[in-house]
Amino acid sequence: MVKATKAEKKIAYDAKLCQLIDEFTQILVVAADNVGSTQLQNIRKGLRGDSVVLMGKNTMMKRSVKIHAENTGNTGILNLMPLLQGNVGLIFTKGDLKEVSEEVAKYKVGAPARVGLVAPIDVVVQPGNTGLDPSQTSFFQVLNIPTKINKGTVEIITPVELIKQGDKVGSSEAALLAKLGIRPFSYGLVVQSVYDNGSVFSPEVLDLTEDDLVQKFAAGISMVTSLALAISFPTIAAAPHMFINAYKNALAICIATEYTFPQAEKVKEYLKDPSKFAVAVAAVSADAGGGASAGAAKVEEKKEVVEESDEEDYGGFDMFGDE
């Protein structure tokens with residue numbers, strides 16, 4: 001079989017990428033740092049059916065995307081170009097974006113701490129027996145880890161934060177973690193951005209629920225209402241507040257002057273004679289109490305009726321059947 005040349009490989013890659021762009025409208029841009037070929041193959045198998053994983057050089061992908069947009073007029077795909085930075089790949093999918101993202105996150109594998117690697121998380125060594133012989137205490141002394149000899153082995157006394165997130169792994173830390181058999185890091189494809197039919201957004205959007213959307217919508221309405229009230233611009237959201245404020249202003253004028261209108265009469269009466277307001281409150285309370293008393297009376301009456309019917313059913317005999 002004749003081996004394809006570099007030019008032929010580039011042409012084939014360009015054709016495949018353009019075909020996927022035409023076929024799929026949803027793309028996940030994923031970071032592939034420290035992801036091995038076997039791990040990537042397992043991800044491809046897990047997504048097989050409605051998704052396709054495509055890796056490649058950024059320059060090749062950018063060139064293909066730009067030429068394809070010029071040839072087809074699909075300018076929306078150009079929004080993908082700024083995202084092609086670093087060690088990234090593309091997952092073309094027709095499935096639910098959230099489900100595909102969750103499926104990708106499942107394929108993470110543990111990895112040892114290699115020298116010079118930037119730690120993605122904090123690494124804490126827990127106390128306990130290490131299984132190492134006392135001659136290995138030099139590793140712990142260099143890293144200022146308190147230890148003691150217990151039954152011929154080295155034992156760590158207290159939890160120790162060995163590496164902080166964002167720091168580079170040193171040779172001593174890497175050697176110690178290797179001796180302890182600890183693989184502190186895990187790597188896999190990480191979704192960085194989401195492309196959906198020309199729009200690009202953060203993957204955090206996929207985690208939004210209906211309650212989150214309702215909360216954000218309510219916050220937006222509140223902001224629109226506040227702005228409309230501040231500049232006196234009528235909107236549907238601000239209209240009720242404007243009517244209430246207008247009524248309050250008109251009522252204040254009526255109280256300060258002799259002018260009046262039907263909706264202000266009762267308020268003016270209460271201000272002239274506060275006892276009327278107390279009587280009105282008492283009447284409302286009485287109505288509420290009366291309703292509760294009537295309900296209790298009905299319950300009591302129903303209970304008496306039930307007891308009478310029980311006596312009639314026994315027909316003069318007690319519940320044990322004796323006369």
# chains A, B, ... in the order shown; residues from 1 in each chain; ligands from 1
call {"tool": "select_by_dssp", "arguments": {"residues": "stretch 114-314 of chain A", "states": "alpha helix (DSSP H)", "output": "JSON, numbers by chain"}}
result
{"A": [137, 138, 139, 140, 141, 142, 171, 172, 173, 174, 175, 176, 177, 178, 179, 180, 210, 211, 212, 213, 214, 215, 216, 217, 218, 219, 220, 221, 222, 223, 224, 225, 226, 227, 228, 229, 230, 231, 239, 240, 241, 242, 243, 244, 245, 246, 247, 248, 249, 250, 251, 252, 253, 254, 255, 256, 262, 263, 264, 265, 266, 267, 268, 269, 270, 271, 272, 274, 275, 276, 277, 278, 279, 280, 281, 282, 283, 284, 285, 286, 287, 288, 289, 290, 291, 292, 293, 294, 295, 296, 297, 298, 299, 300, 301, 302, 303, 304, 305, 306, 307, 308, 309, 310, 311, 312, 313, 314]}
call {"tool": "closest_atom_pairs", "arguments": {"of": "stretch 182-292 of chain A", "to": "stretch 121-136 of chain A", "cutoff": "10 Å", "atoms": "only C-alpha atoms", "output": "tab-separated table"}}
result
residue	atom	partner	partner_atom	distance
A:Ile182	CA	A:Val125	CA	8.9
A:Arg183	CA	A:Val123	CA	9.9
A:Pro184	CA	A:Val123	CA	6.5
A:Phe185	CA	A:Ile121	CA	7.4
A:Ser186	CA	A:Ile121	CA	9.6
call {"tool": "residues_around", "arguments": {"residues": "A:Asn42", "least_positions_apart": "4", "cutoff": "12 Å", "atoms": "only C-alpha atoms", "output": "short mmCIF file (atom, residue, chain, number, x, y, z; two decimals) with C-alpha atoms, in the first residue's frame"}}
result
data_model
loop_
_atom_site.label_atom_id
_atom_site.label_comp_id
_atom_site.auth_asym_id
_atom_site.auth_seq_id
_atom_site.Cartn_x
_atom_site.Cartn_y
_atom_site.Cartn_z
CA VAL A 35 -4.62 12.98 27.22
CA GLY A 36 -3.08 9.79 25.83
CA SER A 37 -3.94 8.06 22.56
CA THR A 38 -5.56 5.06 24.30
CA GLY A 46 -18.00 6.06 23.97
CA LEU A 47 -19.29 8.89 21.75
CA ARG A 48 -19.72 6.76 18.66
CA VAL A 53 -14.03 13.60 17.72
CA GLU A 103 -20.17 11.59 28.75
CA VAL A 104 -16.81 13.17 27.89
CA LYS A 106 -16.49 10.24 32.46
CA TYR A 107 -13.29 9.33 30.62
CA LYS A 108 -10.74 10.66 33.07
CA VAL A 109 -7.76 8.58 34.13
CA GLY A 188 -9.36 13.95 30.26
CA LEU A 189 -10.95 16.10 27.59
#
call {"tool": "atom_distance", "arguments": {"atom1": "atom CA of A:Asp211", "atom2": "atom CA of A:Gln192"}}
result
24.2 Å
call {"tool": "closest_residue", "arguments": {"among": "A:Glu269, A:Asp14, A:Asp33, A:Glu23", "to": "A:Lys62", "atoms": "only C-alpha atoms"}}
result
A:Asp14
call {"tool": "atom_distance", "arguments": {"atom1": "atom CA of A:Ser138", "atom2": "atom CA of A:Pro112"}}
result
21.0 Å
call {"tool": "residues_around", "arguments": {"residues": "stretch 79-95 of chain A", "least_positions_apart": "2", "cutoff": "9 Å", "atoms": "only C-alpha atoms", "output": "VMD selection string"}}
result
chain A and resid 20 to 21 23 to 33 47 50 to 59 61 to 62 65 to 66 75 to 77 97 to 100 189 192 to 193 195 198 to 200
call {"tool": "select_by_dssp", "arguments": {"residues": "stretch 102-257 of chain A", "states": "strand (DSSP E or B)", "output": "PyMOL selection string"}}
result
chain A and resi 109-111+118+123-125+128-129+147-150+153-156+160-163+168+185-187+190-196+199-201
call {"tool": "closest_residue", "arguments": {"among": "A:Ile145, A:Ala250, A:Ile221, A:Leu213", "to": "A:Ala264", "atoms": "only C-alpha atoms"}}
result
A:Ala250
call {"tool": "residues_around", "arguments": {"residues": "stretch 167-178 of chain A", "least_positions_apart": "3", "cutoff": "7 Å", "atoms": "only C-alpha atoms", "output": "PyMOL selection string"}}
result
chain A and resi 113-119+139+163-164+181-182
call {"tool": "closest_residue", "arguments": {"among": "A:Ile67, A:Pro120, A:Ile43, A:His241", "to": "A:Ala15", "atoms": "only C-alpha atoms"}}
result
A:Ile67
call {"tool": "atom_distance", "arguments": {"atom1": "atom CA of A:Phe261", "atom2": "atom CA of A:Leu229"}}
result
25.3 Å
call {"tool": "residues_around", "arguments": {"residues": "A:Val224", "least_positions_apart": "5", "cutoff": "10 Å", "atoms": "only C-alpha atoms", "output": "list in words"}}
result
Ala218, Ala219, Leu229, Ala230, Thr235, Ile236, Ala237 and Ala238 of chain A
call {"tool": "write_last_selection", "arguments": {"atoms": "C-alpha atoms", "output": "short mmCIF file (atom, residue, chain, number, x, y, z; two decimals), in the first residue's frame"}}
result
data_model
loop_
_atom_site.label_atom_id
_atom_site.label_comp_id
_atom_site.auth_asym_id
_atom_site.auth_seq_id
_atom_site.Cartn_x
_atom_site.Cartn_y
_atom_site.Cartn_z
CA ALA A 218 -37.01 37.87 37.18
CA ALA A 219 -33.79 39.77 37.90
CA LEU A 229 -39.27 54.17 37.00
CA ALA A 230 -36.04 56.18 37.25
CA THR A 235 -43.31 49.76 30.29
CA ILE A 236 -45.56 46.80 31.04
CA ALA A 237 -43.43 45.88 34.05
CA ALA A 238 -43.31 49.43 35.43
#
